[in-house]
Amino acid sequence: DGGITQSPKYLFRKEGQNVTLSCEQNLNHDAMYWYRQDPGQGLRLIYYSQIVNDFQKGDIAEGYSVSREKKESFPLTVTSAQKNPTAFYLCASSIRGTVNTGELFFGEGSRLTVL
Amino acid sequence: SQKIEQNSEALNIQEGKTATLTCNYTNYSPAYLQWYRQDPGRGPVFLLLIRENEKEKRKERLKVTFDTTLKQSLFHITASQPADSATYLCALLNNAGNMLTFGGGTRLMVKP
């Protein structure tokens with residue numbers, strides 16, 4: 001079955017540590033996205049990528065980094081510079097970018113807790 | 001500033017009734033608006049897209065309206081069922097056309 005796989009589902013880290021969240025899709029979609037969701041709040045865009053080897057900052061990119069070396073993979077690193085990293089992280093993909101009315105296909109999310 | 005507002009209070013309705021959820025926005029001129037369903041601890045799932053030149057869209061028991069003058073979309077679920085209980089999110093394309101921005105969502109509880 002085609003879809004988006006995020007791992008790990010739950011992750012704990014100590015303050016000051018970097019952590020990388022994995023996102024893989026086998027839908028052959030060009031565009032991929034990372035969103036952050038806090039309790040009772042909407043999704044906020046961290047980074048997005050419309051093609052391989054290119055990515056753009058979203059609204060809350062500070063303290064995060066990404067790479068897009070392969071079409072199917074878009075890992076997110078939460079660095080120690082991110083002041084409030086505890087959140088639910090969602091990866092998504094679309095056939096093309098949002099300007100082309102791409103509905104988003106989401107993964108099941110990764111819940112990061114900083115101890 | 002740009003805002004997307006959904007009622008943050010949960011909507012509780014009786015099974016069989018019609019649920020109506022509201023999405024209001026300011027300082028957007030979206031080419032389209034989308035609605036998603038999100039279950040607890042899961043990723044959102046796309047439901048419907050409505051374009052700026054469409055007044056209404058239907059899919060089975062779902063109906064979405066889009067009023068660009070009022071800057072509002074209404075999401076209706078007719079003959080609601082307990083299985084419809086979830087959080088519903090609206091999302092707009094930003095004015096630059098490069099980001100989909102989400103509202104905070106409204107939690108719907110359908111009681112048997």
# chains A, B, ... in the order shown; residues from 1 in each chain; ligands from 1
>>> interface_residues(of="chain B", to="chain A", cutoff="6 Å", atoms="only C-alpha atoms", output="list in words")
Arg42, Gly43, Gly97, Asn98, Phe102, Gly103 and Gly104 of chain B
>>> write_last_selection(atoms="N, CA, C and O atoms", output="mmCIF file, in the first residue's frame")
data_model
loop_
_atom_site.group_PDB
_atom_site.id
_atom_site.type_symbol
_atom_site.label_atom_id
_atom_site.label_comp_id
_atom_site.auth_asym_id
_atom_site.auth_seq_id
_atom_site.Cartn_x
_atom_site.Cartn_y
_atom_site.Cartn_z
ATOM 1 N N ARG B 42 -3.619 10.910 15.465
ATOM 2 C CA ARG B 42 -3.423 10.492 14.066
ATOM 3 C C ARG B 42 -3.180 11.711 13.180
ATOM 4 O O ARG B 42 -3.394 12.857 13.581
ATOM 5 N N GLY B 43 -2.738 11.464 11.958
ATOM 6 C CA GLY B 43 -2.585 12.546 11.013
ATOM 7 C C GLY B 43 -3.927 12.919 10.394
ATOM 8 O O GLY B 43 -4.830 12.093 10.316
ATOM 9 N N GLY B 97 0.406 31.717 -2.520
ATOM 10 C CA GLY B 97 0.147 30.476 -3.234
ATOM 11 C C GLY B 97 1.157 29.383 -2.988
ATOM 12 O O GLY B 97 1.260 28.436 -3.768
ATOM 13 N N ASN B 98 1.916 29.479 -1.895
ATOM 14 C CA ASN B 98 2.942 28.473 -1.672
ATOM 15 C C ASN B 98 2.803 27.734 -0.349
ATOM 16 O O ASN B 98 3.600 26.857 -0.056
ATOM 17 N N PHE B 102 -3.496 26.152 8.237
ATOM 18 C CA PHE B 102 -4.600 25.467 8.901
ATOM 19 C C PHE B 102 -5.200 26.292 10.032
ATOM 20 O O PHE B 102 -4.488 27.019 10.735
ATOM 21 N N GLY B 103 -6.509 26.134 10.236
ATOM 22 C CA GLY B 103 -7.157 26.644 11.424
ATOM 23 C C GLY B 103 -6.899 25.715 12.596
ATOM 24 O O GLY B 103 -6.322 24.630 12.432
ATOM 25 N N GLY B 104 -7.332 26.138 13.785
ATOM 26 C CA GLY B 104 -7.080 25.362 14.986
ATOM 27 C C GLY B 104 -7.961 24.128 15.134
ATOM 28 O O GLY B 104 -7.722 23.283 15.990
#
>>> residues_around(residues="B:Ser85", least_positions_apart="3", cutoff="8 Å", atoms="only C-alpha atoms", output="list in words")
Gln81, Pro82, Arg107, Leu108, Met109 and Val110 of chain B
>>> write_last_selection(atoms="N, CA, C and O atoms", output="short mmCIF file (atom, residue, chain, number, x, y, z; two decimals), in the first residue's frame")
data_model
loop_
_atom_site.label_atom_id
_atom_site.label_comp_id
_atom_site.auth_asym_id
_atom_site.auth_seq_id
_atom_site.Cartn_x
_atom_site.Cartn_y
_atom_site.Cartn_z
N GLN B 81 -23.33 10.57 12.80
CA GLN B 81 -23.17 9.29 13.49
C GLN B 81 -22.05 9.42 14.52
O GLN B 81 -21.16 10.25 14.35
N PRO B 82 -22.08 8.60 15.57
CA PRO B 82 -20.97 8.65 16.54
C PRO B 82 -19.59 8.50 15.88
O PRO B 82 -18.62 9.08 16.35
N ARG B 107 -13.60 20.37 17.51
CA ARG B 107 -13.87 18.98 17.87
C ARG B 107 -15.37 18.74 17.86
O ARG B 107 -16.13 19.49 18.46
N LEU B 108 -15.77 17.72 17.14
CA LEU B 108 -17.19 17.34 17.05
C LEU B 108 -17.41 16.05 17.85
O LEU B 108 -16.67 15.08 17.69
N MET B 109 -18.42 16.07 18.71
CA MET B 109 -18.80 14.88 19.48
C MET B 109 -20.25 14.56 19.13
O MET B 109 -21.14 15.37 19.39
N VAL B 110 -20.48 13.39 18.56
CA VAL B 110 -21.83 12.94 18.21
C VAL B 110 -22.25 11.88 19.21
O VAL B 110 -21.62 10.82 19.30
#
>>> residues_around(residues="stretch 53-59 of chain B", least_positions_apart="5", cutoff="9 Å", atoms="only C-alpha atoms", output="PyMOL selection string")
chain B and resi 31-32+47-48+64-68
>>> write_last_selection(atoms="N, CA, C and O atoms", output="JSON list (two decimals), in the first residue's frame")
[["chain", "number", "residue", "atom", "x", "y", "z"],
["B", 31, "ALA", "N", -7.45, 30.85, -3.22],
["B", 31, "ALA", "CA", -7.95, 30.26, -4.46],
["B", 31, "ALA", "C", -8.82, 29.04, -4.15],
["B", 31, "ALA", "O", -9.68, 28.66, -4.95],
["B", 32, "TYR", "N", -8.57, 28.43, -3.00],
["B", 32, "TYR", "CA", -9.40, 27.30, -2.59],
["B", 32, "TYR", "C", -9.30, 27.11, -1.09],
["B", 32, "TYR", "O", -8.43, 27.71, -0.43],
["B", 47, "LEU", "N", -10.76, 15.65, 3.24],
["B", 47, "LEU", "CA", -12.17, 15.35, 2.98],
["B", 47, "LEU", "C", -12.66, 16.01, 1.69],
["B", 47, "LEU", "O", -13.18, 15.35, 0.80],
["B", 48, "LEU", "N", -12.54, 17.33, 1.63],
["B", 48, "LEU", "CA", -13.13, 18.07, 0.51],
["B", 48, "LEU", "C", -12.30, 19.29, 0.19],
["B", 48, "LEU", "O", -11.69, 19.88, 1.08],
["B", 64, "VAL", "N", -20.04, 21.38, 1.87],
["B", 64, "VAL", "CA", -19.21, 22.54, 2.20],
["B", 64, "VAL", "C", -19.69, 23.73, 1.39],
["B", 64, "VAL", "O", -19.98, 23.59, 0.20],
["B", 65, "THR", "N", -19.80, 24.88, 2.04],
["B", 65, "THR", "CA", -20.09, 26.11, 1.33],
["B", 65, "THR", "C", -18.91, 27.07, 1.50],
["B", 65, "THR", "O", -18.13, 26.96, 2.46],
["B", 66, "PHE", "N", -18.80, 27.99, 0.55],
["B", 66, "PHE", "CA", -17.66, 28.91, 0.53],
["B", 66, "PHE", "C", -18.17, 30.27, 0.11],
["B", 66, "PHE", "O", -18.60, 30.44, -1.03],
["B", 67, "ASP", "N", -18.16, 31.22, 1.03],
["B", 67, "ASP", "CA", -18.64, 32.57, 0.75],
["B", 67, "ASP", "C", -17.45, 33.52, 0.84],
["B", 67, "ASP", "O", -17.02, 33.87, 1.95],
["B", 68, "THR", "N", -16.93, 33.93, -0.31],
["B", 68, "THR", "CA", -15.73, 34.77, -0.32],
["B", 68, "THR", "C", -16.04, 36.21, 0.09],
["B", 68, "THR", "O", -15.13, 36.95, 0.44]]
>>> residues_around(residues="B:Asn95", least_positions_apart="6", cutoff="7 Å", atoms="only C-alpha atoms", output="ChimeraX atom specification")
/B:28-30
>>> atom_distance(atom1="atom CA of A:Thr20", atom2="atom CA of A:Gly3")
20.1 Å
>>> residues_around(residues="A:Leu76", least_positions_apart="5", cutoff="6 Å", atoms="only C-alpha atoms", output="VMD selection string")
chain A and resid 20 to 21 65 to 66
>>> write_last_selection(atoms="N, CA and C atoms", output="PDB file, in the first residue's frame")
ATOM      1  N   THR A  20      16.454  13.535  15.035  1.00  0.00           N
ATOM      2  CA  THR A  20      15.995  13.507  13.646  1.00  0.00           C
ATOM      3  C   THR A  20      14.765  12.630  13.513  1.00  0.00           C
ATOM      4  N   LEU A  21      13.726  13.199  12.905  1.00  0.00           N
ATOM      5  CA  LEU A  21      12.490  12.478  12.638  1.00  0.00           C
ATOM      6  C   LEU A  21      12.482  12.059  11.171  1.00  0.00           C
ATOM      7  N   SER A  65      15.997  21.845  10.919  1.00  0.00           N
ATOM      8  CA  SER A  65      16.673  21.740   9.626  1.00  0.00           C
ATOM      9  C   SER A  65      16.134  20.521   8.894  1.00  0.00           C
ATOM     10  N   VAL A  66      16.222  20.559   7.564  1.00  0.00           N
ATOM     11  CA  VAL A  66      15.733  19.462   6.731  1.00  0.00           C
ATOM     12  C   VAL A  66      16.717  19.197   5.602  1.00  0.00           C
TER      13      VAL A  66
END
>>> residues_around(residues="stretch 53-55 of chain A", least_positions_apart="2", cutoff="6 Å", atoms="only C-alpha atoms", output="MDAnalysis selection string")
chainID A and resid 48:49 51 68:69
>>> write_last_selection(atoms="all heavy atoms", output="PDB file, in the first residue's frame")
ATOM      1  N   TYR A  48       9.052  23.077   3.775  1.00  0.00           N
ATOM      2  CA  TYR A  48       8.457  22.316   2.696  1.00  0.00           C
ATOM      3  C   TYR A  48       9.442  22.212   1.540  1.00  0.00           C
ATOM      4  O   TYR A  48      10.377  23.017   1.421  1.00  0.00           O
ATOM      5  CB  TYR A  48       7.122  22.913   2.225  1.00  0.00           C
ATOM      6  CG  TYR A  48       7.198  24.285   1.608  1.00  0.00           C
ATOM      7  CD1 TYR A  48       7.175  24.468   0.229  1.00  0.00           C
ATOM      8  CD2 TYR A  48       7.253  25.423   2.408  1.00  0.00           C
ATOM      9  CE1 TYR A  48       7.225  25.730  -0.337  1.00  0.00           C
ATOM     10  CE2 TYR A  48       7.305  26.685   1.865  1.00  0.00           C
ATOM     11  CZ  TYR A  48       7.275  26.843   0.497  1.00  0.00           C
ATOM     12  OH  TYR A  48       7.327  28.103  -0.055  1.00  0.00           O
ATOM     13  N   SER A  49       9.218  21.206   0.717  1.00  0.00           N
ATOM     14  CA  SER A  49      10.098  20.954  -0.421  1.00  0.00           C
ATOM     15  C   SER A  49       9.234  20.592  -1.623  1.00  0.00           C
ATOM     16  O   SER A  49       8.409  19.692  -1.551  1.00  0.00           O
ATOM     17  CB  SER A  49      11.045  19.798  -0.091  1.00  0.00           C
ATOM     18  OG  SER A  49      11.704  19.344  -1.250  1.00  0.00           O
ATOM     19  N   ILE A  51      10.694  20.031  -4.780  1.00  0.00           N
ATOM     20  CA  ILE A  51      11.457  19.111  -5.625  1.00  0.00           C
ATOM     21  C   ILE A  51      12.687  18.656  -4.866  1.00  0.00           C
ATOM     22  O   ILE A  51      13.070  19.266  -3.852  1.00  0.00           O
ATOM     23  CB  ILE A  51      11.901  19.758  -6.957  1.00  0.00           C
ATOM     24  CG1 ILE A  51      12.696  21.040  -6.682  1.00  0.00           C
ATOM     25  CG2 ILE A  51      10.719  20.041  -7.873  1.00  0.00           C
ATOM     26  CD1 ILE A  51      13.329  21.644  -7.905  1.00  0.00           C
ATOM     27  N   ARG A  68      16.536  17.125   1.461  1.00  0.00           N
ATOM     28  CA  ARG A  68      15.703  16.416   0.482  1.00  0.00           C
ATOM     29  C   ARG A  68      16.640  15.868  -0.596  1.00  0.00           C
ATOM     30  O   ARG A  68      16.693  16.331  -1.717  1.00  0.00           O
ATOM     31  CB  ARG A  68      14.662  17.351  -0.139  1.00  0.00           C
ATOM     32  CG  ARG A  68      13.686  16.613  -1.046  1.00  0.00           C
ATOM     33  CD  ARG A  68      12.514  16.060  -0.348  1.00  0.00           C
ATOM     34  NE  ARG A  68      11.649  15.242  -1.150  1.00  0.00           N
ATOM     35  CZ  ARG A  68      10.663  15.701  -1.921  1.00  0.00           C
ATOM     36  NH1 ARG A  68      10.449  17.017  -2.052  1.00  0.00           N
ATOM     37  NH2 ARG A  68       9.897  14.866  -2.578  1.00  0.00           N
ATOM     38  N   GLU A  69      17.369  14.829  -0.222  1.00  0.00           N
ATOM     39  CA  GLU A  69      18.340  14.226  -1.139  1.00  0.00           C
ATOM     40  C   GLU A  69      17.678  13.209  -2.063  1.00  0.00           C
ATOM     41  O   GLU A  69      18.197  12.906  -3.137  1.00  0.00           O
ATOM     42  CB  GLU A  69      19.465  13.589  -0.348  1.00  0.00           C
ATOM     43  CG  GLU A  69      20.270  14.599   0.455  1.00  0.00           C
ATOM     44  CD  GLU A  69      21.331  13.929   1.321  1.00  0.00           C
ATOM     45  OE1 GLU A  69      21.452  12.697   1.271  1.00  0.00           O
ATOM     46  OE2 GLU A  69      22.037  14.657   2.042  1.00  0.00           O
TER      47      GLU A  69
END
>>> select_by_dssp(residues="chain A", states="strand (DSSP E or B)", output="count of residues only")
58
>>> closest_residue(among="A:Thr79, A:Ser7, A:Ser73, A:Asn84", to="A:Asn26", atoms="only C-alpha atoms")
A:Ser73
